Amino acid sequence: MTIAQITDLHVTTEKDPLNQQRNEDRLRQVMKSIHGLRPRPVAIIASGDLVDRGEIEEYLELQRLMADSEIPIYYALGNHDSREAFLEVFGGPFARTDDNGFVQYAVDIGPMRMVVCDTLEGPNHGDYDEARAAWLSKTLDEAPDRPTAVILHHPPIPSGIQWMDPEPDSPWLGRLEAVLTGRQQVKVLMCGHIHRAFNGVFAGHLVSAAPATSIQLTLDLTEVDMHVPDGREILVEEPPGYALLMCDGTNLTTHLCLAGEYAPAVTYNFPFRKLA
């Protein structure tokens with residue numbers, strides 16, 4: 001069984017014609033690639049920054065773009081999103097809230113559980129307050145033996161791209177670590193936000209950040225002064241991508257994928273030989 005993750009769609013409207021067309025084309029390319037996978041994923045997780053400015057008109061545009069999907073889509077929110085505008089346009093089983101109005105929920109898909117968290121707060125670096133952390137703790141307690149993926153827009157570890165990374169002493173990281181430590185059913189934290197793929201470890205769990213469907217961040221790991229622009233490249237037209245989560249009933253494996261059509265290099269025309 002497979003589940004696809006897309007992230008950082010940044011869908012917008014004719015107010016921003018350049019980004020509207022580019023981000024729509026790239027999203028369509030990713031969705032075409034996902035629908036062409038064998039076996040086809042049973043669900044798609046869209047892990048935040050669904051739109052660019054958090055406007056109702058943008059969510060209506062997102063709704064239009066996703067209307068043709070033959071695969072159910074579950075949504076999470078990022079720092080470019082708006083809870084109020086999102087919930088005005090989306091609802092039902094694929095966009096639910098907890099008792100405090102945060103867009104976070106758990107859904108069982110086959111043998112595994114996807115726990116979608118809401119890290120939306122502030123302009124960029126995310127947050128996870130005590131109420132949200134309590135919800136996550138309670139939700140994980142409900143299924144201690146089911147293989148689980150936790151979905152967070154904001155990675156709780158540094159990527160090395162300093163202007164996007166959280167402050168290491170951010171209180172929300174400590175809250176999240178306290179909840180996740182020792183949770184053996186949690187196999188992976190699936191994130192976005194950084195607009196490129198990277199992996200790491202947090203609270204004893206794999207962190208897998210997916211590439212964006214929109215443009216990618218430039219991989220620049222040098223020092224940066226956040227208050228002094230220096231003309232460096234920060235975004236680049238690398239191919240759009242997505243992540244694929246594979247579950248065999250016990251183990252979870254992630255693949256990080258480029259979208260697009262590529263010519264075959266080798267075809268399977270003869271039986272494989274067993275290696276001694």
# chains A, B, ... in the order shown; residues from 1 in each chain; ligands from 1
$ residues_around --residues "region 228-237 of chain A" --least-positions-apart "3" --cutoff "12 Å" --atoms "only C-alpha atoms" --output "MDAnalysis selection string"
chainID A and resid 22:23 26 161:164 194:196 212:225 240:241
$ closest_atom_pairs --of "region 159-265 of chain A" --to "region 120-130 of chain A" --cutoff "7 Å" --atoms "only C-alpha atoms" --output "Markdown table"
| residue | atom | partner | partner_atom | distance |
| --- | --- | --- | --- | --- |
| A:Asp165 | CA | A:His125 | CA | 6.9 |
| A:Pro166 | CA | A:His125 | CA | 5.4 |
| A:Trp172 | CA | A:Tyr128 | CA | 4.9 |
$ write_last_selection --atoms "C-alpha atoms" --output "PDB file, in the first residue's frame"
ATOM      1  CA  ASP A 165      15.147  26.804   9.883  1.00  0.00           C
ATOM      2  CA  PRO A 166      13.471  26.989  13.311  1.00  0.00           C
ATOM      3  CA  TRP A 172       7.275  24.187  20.465  1.00  0.00           C
TER       4      TRP A 172
END
$ closest_atom_pairs --of "region 85-125 of chain A" --to "region 250-259 of chain A" --cutoff "12 Å" --atoms "only C-alpha atoms" --output "CSV"
residue,atom,partner,partner_atom,distance
A:Gly110,CA,A:Thr250,CA,11.4
A:Pro111,CA,A:Thr250,CA,8.0
A:Met112,CA,A:Thr250,CA,8.4
A:Arg113,CA,A:Leu252,CA,11.1
A:Met114,CA,A:Leu252,CA,11.7
$ atom_distance --atom1 "CA of Leu206 (chain A)" --atom2 "CA of Lys187 (chain A)"
6.9 Å
$ residues_around --residues "Pro72 (chain A)" --least-positions-apart "4" --cutoff "12 Å" --atoms "only C-alpha atoms" --output "PDB file with N, CA and C atoms, in the first residue's frame"
ATOM      1  N   ILE A   3       0.974   5.715  -0.104  1.00  0.00           N
ATOM      2  CA  ILE A   3       0.317   7.009   0.088  1.00  0.00           C
ATOM      3  C   ILE A   3       1.279   8.073  -0.396  1.00  0.00           C
ATOM      4  N   ALA A   4       0.804   9.010  -1.213  1.00  0.00           N
ATOM      5  CA  ALA A   4       1.649  10.089  -1.729  1.00  0.00           C
ATOM      6  C   ALA A   4       1.535  11.325  -0.844  1.00  0.00           C
ATOM      7  N   GLN A   5       2.631  12.048  -0.738  1.00  0.00           N
ATOM      8  CA  GLN A   5       2.643  13.338  -0.037  1.00  0.00           C
ATOM      9  C   GLN A   5       3.060  14.426  -1.008  1.00  0.00           C
ATOM     10  N   MET A  31       0.557  15.782  -9.987  1.00  0.00           N
ATOM     11  CA  MET A  31      -0.649  14.957  -9.884  1.00  0.00           C
ATOM     12  C   MET A  31      -0.711  13.916 -10.995  1.00  0.00           C
ATOM     13  N   HIS A  35      -0.832   9.872 -10.252  1.00  0.00           N
ATOM     14  CA  HIS A  35      -1.895   9.020 -10.791  1.00  0.00           C
ATOM     15  C   HIS A  35      -1.348   7.939 -11.713  1.00  0.00           C
ATOM     16  N   ARG A  40      -1.294   2.394  -7.845  1.00  0.00           N
ATOM     17  CA  ARG A  40      -1.716   3.771  -7.598  1.00  0.00           C
ATOM     18  C   ARG A  40      -1.867   3.996  -6.095  1.00  0.00           C
ATOM     19  N   PRO A  41      -1.366   5.109  -5.564  1.00  0.00           N
ATOM     20  CA  PRO A  41      -1.555   5.395  -4.138  1.00  0.00           C
ATOM     21  C   PRO A  41      -3.027   5.424  -3.745  1.00  0.00           C
ATOM     22  N   VAL A  42      -3.300   5.007  -2.510  1.00  0.00           N
ATOM     23  CA  VAL A  42      -4.684   4.978  -2.040  1.00  0.00           C
ATOM     24  C   VAL A  42      -5.115   6.318  -1.470  1.00  0.00           C
ATOM     25  N   ALA A  43      -4.157   7.223  -1.223  1.00  0.00           N
ATOM     26  CA  ALA A  43      -4.483   8.543  -0.683  1.00  0.00           C
ATOM     27  C   ALA A  43      -3.336   9.493  -0.985  1.00  0.00           C
ATOM     28  N   ILE A  44      -3.646  10.786  -0.936  1.00  0.00           N
ATOM     29  CA  ILE A  44      -2.653  11.849  -1.071  1.00  0.00           C
ATOM     30  C   ILE A  44      -2.763  12.745   0.154  1.00  0.00           C
ATOM     31  N   ILE A  45      -1.624  13.034   0.786  1.00  0.00           N
ATOM     32  CA  ILE A  45      -1.555  14.000   1.876  1.00  0.00           C
ATOM     33  C   ILE A  45      -0.954  15.285   1.316  1.00  0.00           C
ATOM     34  N   ALA A  46      -1.674  16.383   1.423  1.00  0.00           N
ATOM     35  CA  ALA A  46      -1.159  17.700   1.017  1.00  0.00           C
ATOM     36  C   ALA A  46      -0.758  18.438   2.293  1.00  0.00           C
ATOM     37  N   MET A  66      -7.972  20.426  -7.868  1.00  0.00           N
ATOM     38  CA  MET A  66      -7.992  19.081  -7.309  1.00  0.00           C
ATOM     39  C   MET A  66      -9.269  18.307  -7.629  1.00  0.00           C
ATOM     40  N   ALA A  67     -10.211  18.952  -8.289  1.00  0.00           N
ATOM     41  CA  ALA A  67     -11.510  18.320  -8.535  1.00  0.00           C
ATOM     42  C   ALA A  67     -11.394  17.057  -9.374  1.00  0.00           C
ATOM     43  N   ASP A  68     -10.382  16.967 -10.230  1.00  0.00           N
ATOM     44  CA  ASP A  68     -10.241  15.804 -11.117  1.00  0.00           C
ATOM     45  C   ASP A  68      -9.459  14.660 -10.486  1.00  0.00           C
ATOM     46  N   GLY A  92     -15.683  18.371   5.439  1.00  0.00           N
ATOM     47  CA  GLY A  92     -15.901  16.955   5.261  1.00  0.00           C
ATOM     48  C   GLY A  92     -14.748  16.124   5.785  1.00  0.00           C
ATOM     49  N   PRO A  93     -14.632  14.881   5.303  1.00  0.00           N
ATOM     50  CA  PRO A  93     -13.674  13.942   5.888  1.00  0.00           C
ATOM     51  C   PRO A  93     -12.218  14.272   5.609  1.00  0.00           C
ATOM     52  N   PHE A  94     -11.956  15.155   4.645  1.00  0.00           N
ATOM     53  CA  PHE A  94     -10.575  15.425   4.264  1.00  0.00           C
ATOM     54  C   PHE A  94     -10.044  16.727   4.855  1.00  0.00           C
ATOM     55  N   ALA A  95     -10.786  17.361   5.725  1.00  0.00           N
ATOM     56  CA  ALA A  95     -10.341  18.593   6.382  1.00  0.00           C
ATOM     57  C   ALA A  95     -11.113  18.739   7.683  1.00  0.00           C
ATOM     58  N   VAL A 107      -6.404   9.689  10.634  1.00  0.00           N
ATOM     59  CA  VAL A 107      -7.174   8.874   9.705  1.00  0.00           C
ATOM     60  C   VAL A 107      -6.451   7.548   9.523  1.00  0.00           C
ATOM     61  N   ILE A 109      -5.727   4.374   7.338  1.00  0.00           N
ATOM     62  CA  ILE A 109      -5.732   3.992   5.926  1.00  0.00           C
ATOM     63  C   ILE A 109      -5.082   2.619   5.832  1.00  0.00           C
TER      64      ILE A 109
END
$ atom_distance --atom1 "CA of Ala178 (chain A)" --atom2 "CA of Pro155 (chain A)"
15.7 Å
$ closest_residue --among "A:Ala85, A:Met1, A:Ala143, A:Cys191" --to "Leu37 (chain A)" --atoms "only C-alpha atoms"
A:Met1
$ residues_around --residues "Asn100 (chain A)" --least-positions-apart "3" --cutoff "12 Å" --atoms "only C-alpha atoms" --output "list in words"
Arg83, Arg96, Thr97, Val103, Gln104, Tyr105, Asp118, Asp129, Glu130, Ala131, Arg132, Ala133, Ala134 and Trp135 of chain A
$ write_last_selection --atoms "C-alpha atoms" --output "short mmCIF file (atom, residue, chain, number, x, y, z; two decimals), in the first residue's frame"
data_model
loop_
_atom_site.label_atom_id
_atom_site.label_comp_id
_atom_site.auth_asym_id
_atom_site.auth_seq_id
_atom_site.Cartn_x
_atom_site.Cartn_y
_atom_site.Cartn_z
CA ARG A 83 -7.59 28.27 8.91
CA ARG A 96 -11.25 18.23 10.03
CA THR A 97 -10.55 20.19 13.21
CA VAL A 103 -6.89 21.58 11.53
CA GLN A 104 -5.55 18.32 12.91
CA TYR A 105 -6.98 14.82 12.84
CA ASP A 118 -1.47 21.90 12.61
CA ASP A 129 1.26 25.03 21.66
CA GLU A 130 0.25 23.02 24.74
CA ALA A 131 -3.32 22.46 23.53
CA ARG A 132 -2.13 21.01 20.24
CA ALA A 133 0.53 18.92 21.96
CA ALA A 134 -2.08 17.52 24.36
CA TRP A 135 -4.24 16.56 21.40
#
$ closest_residue --among "A:Ser47, A:Thr181, A:Gln29, A:Thr139" --to "His153 (chain A)" --atoms "only C-alpha atoms"
A:Ser47
$ closest_atom_pairs --of "region 87-113 of chain A" --to "region 48-58 of chain A" --cutoff "10 Å" --atoms "only C-alpha atoms" --output "JSON lines"
{"residue": "A:Leu87", "atom": "CA", "partner": "A:Ile56", "partner_atom": "CA", "distance": 9.4}
{"residue": "A:Glu88", "atom": "CA", "partner": "A:Ile56", "partner_atom": "CA", "distance": 7.6}
{"residue": "A:Val89", "atom": "CA", "partner": "A:Ile56", "partner_atom": "CA", "distance": 7.1}
$ decode --residues "region 16-140 of chain A" --atoms "C-alpha atoms" --output "short mmCIF file (atom, residue, chain, number, x, y, z; two decimals), in the first residue's frame"
data_model
loop_
_atom_site.label_atom_id
_atom_site.label_comp_id
_atom_site.auth_asym_id
_atom_site.auth_seq_id
_atom_site.Cartn_x
_atom_site.Cartn_y
_atom_site.Cartn_z
CA ASP A 16 -0.16 36.98 -9.42
CA PRO A 17 -0.27 35.70 -13.02
CA LEU A 18 3.34 34.50 -13.24
CA ASN A 19 3.19 32.36 -10.11
CA GLN A 20 -0.37 31.26 -10.83
CA GLN A 21 0.50 29.63 -14.13
CA ARG A 22 3.85 28.24 -13.05
CA ASN A 23 2.60 26.73 -9.79
CA GLU A 24 -0.51 25.33 -11.48
CA ASP A 25 1.54 23.70 -14.24
CA ARG A 26 3.93 22.16 -11.73
CA LEU A 27 1.09 20.88 -9.55
CA ARG A 28 -0.61 19.30 -12.54
CA GLN A 29 2.66 17.61 -13.47
CA VAL A 30 2.96 16.14 -9.97
CA MET A 31 -0.65 14.96 -9.88
CA LYS A 32 -0.22 13.29 -13.28
CA SER A 33 2.88 11.48 -12.04
CA ILE A 34 1.13 10.30 -8.88
CA HIS A 35 -1.90 9.02 -10.79
CA GLY A 36 0.45 7.13 -13.10
CA LEU A 37 2.22 5.22 -10.32
CA ARG A 38 1.87 1.45 -10.08
CA PRO A 39 0.25 0.55 -7.79
CA ARG A 40 -1.72 3.77 -7.60
CA PRO A 41 -1.56 5.39 -4.14
CA VAL A 42 -4.68 4.98 -2.04
CA ALA A 43 -4.48 8.54 -0.68
CA ILE A 44 -2.65 11.85 -1.07
CA ILE A 45 -1.56 14.00 1.88
CA ALA A 46 -1.16 17.70 1.02
CA SER A 47 1.05 18.90 3.86
CA GLY A 48 0.63 22.65 3.93
CA ASP A 49 1.25 25.92 2.15
CA LEU A 50 -1.65 24.87 -0.01
CA VAL A 51 -2.05 28.44 -1.22
CA ASP A 52 0.16 31.53 -1.25
CA ARG A 53 -1.71 34.27 0.63
CA GLY A 54 -4.43 32.42 2.55
CA GLU A 55 -7.28 33.97 0.54
CA ILE A 56 -10.65 32.36 -0.08
CA GLU A 57 -10.21 32.88 -3.82
CA GLU A 58 -7.00 30.86 -3.72
CA TYR A 59 -8.69 27.97 -1.93
CA LEU A 60 -11.43 28.01 -4.55
CA GLU A 61 -8.70 27.77 -7.18
CA LEU A 62 -7.13 24.85 -5.29
CA GLN A 63 -10.51 23.16 -5.11
CA ARG A 64 -10.86 23.53 -8.89
CA LEU A 65 -7.40 22.10 -9.54
CA MET A 66 -7.99 19.08 -7.31
CA ALA A 67 -11.51 18.32 -8.53
CA ASP A 68 -10.24 15.80 -11.12
CA SER A 69 -8.19 13.76 -8.66
CA GLU A 70 -9.23 10.12 -8.61
CA ILE A 71 -7.38 9.68 -5.30
CA PRO A 72 -8.73 11.03 -1.97
CA ILE A 73 -6.76 14.06 -0.71
CA TYR A 74 -6.23 14.89 2.97
CA TYR A 75 -5.12 18.44 3.78
CA ALA A 76 -2.80 19.99 6.37
CA LEU A 77 -1.97 23.68 6.83
CA GLY A 78 1.29 25.64 6.61
CA ASN A 79 2.37 29.19 7.38
CA HIS A 80 0.98 30.59 4.10
CA ASP A 81 -2.48 29.18 4.87
CA SER A 82 -5.47 30.57 6.76
CA ARG A 83 -7.59 28.27 8.91
CA GLU A 84 -10.69 30.40 8.48
CA ALA A 85 -10.48 30.69 4.70
CA PHE A 86 -9.52 27.05 4.26
CA LEU A 87 -12.42 25.78 6.36
CA GLU A 88 -14.86 28.05 4.56
CA VAL A 89 -14.02 26.31 1.27
CA PHE A 90 -13.04 22.80 2.37
CA GLY A 91 -14.76 20.50 4.81
CA GLY A 92 -15.90 16.96 5.26
CA PRO A 93 -13.67 13.94 5.89
CA PHE A 94 -10.57 15.42 4.26
CA ALA A 95 -10.34 18.59 6.38
CA ARG A 96 -11.25 18.23 10.03
CA THR A 97 -10.55 20.19 13.21
CA ASP A 98 -9.87 19.24 16.81
CA ASP A 99 -11.88 20.58 19.76
CA ASN A 100 -9.87 23.82 19.73
CA GLY A 101 -10.40 24.59 16.04
CA PHE A 102 -6.97 23.50 14.81
CA VAL A 103 -6.89 21.58 11.53
CA GLN A 104 -5.55 18.32 12.91
CA TYR A 105 -6.98 14.82 12.84
CA ALA A 106 -6.10 11.15 12.51
CA VAL A 107 -7.17 8.87 9.71
CA ASP A 108 -6.66 5.12 9.42
CA ILE A 109 -5.73 3.99 5.93
CA GLY A 110 -5.36 0.25 5.58
CA PRO A 111 -2.88 -1.04 8.18
CA MET A 112 -1.52 2.37 9.11
CA ARG A 113 -2.53 5.64 10.73
CA MET A 114 -1.84 9.14 9.47
CA VAL A 115 -1.87 11.83 12.17
CA VAL A 116 -2.15 15.30 10.64
CA CYS A 117 -0.88 18.15 12.85
CA ASP A 118 -1.47 21.90 12.61
CA THR A 119 1.77 23.92 13.05
CA LEU A 120 0.34 27.14 11.59
CA GLU A 121 1.38 30.18 13.62
CA GLY A 122 3.31 33.33 12.81
CA PRO A 123 5.04 34.28 9.58
CA ASN A 124 7.42 31.39 8.94
CA HIS A 125 8.82 29.09 11.61
CA GLY A 126 5.70 27.41 12.98
CA ASP A 127 4.46 26.61 16.46
CA TYR A 128 2.81 23.82 18.44
CA ASP A 129 1.26 25.03 21.66
CA GLU A 130 0.25 23.02 24.74
CA ALA A 131 -3.32 22.46 23.53
CA ARG A 132 -2.13 21.01 20.24
CA ALA A 133 0.53 18.92 21.96
CA ALA A 134 -2.08 17.52 24.36
CA TRP A 135 -4.24 16.56 21.40
CA LEU A 136 -1.32 14.77 19.74
CA SER A 137 -0.49 12.87 22.93
CA LYS A 138 -4.12 11.75 23.32
CA THR A 139 -4.38 10.78 19.66
CA LEU A 140 -1.22 8.68 19.75
#
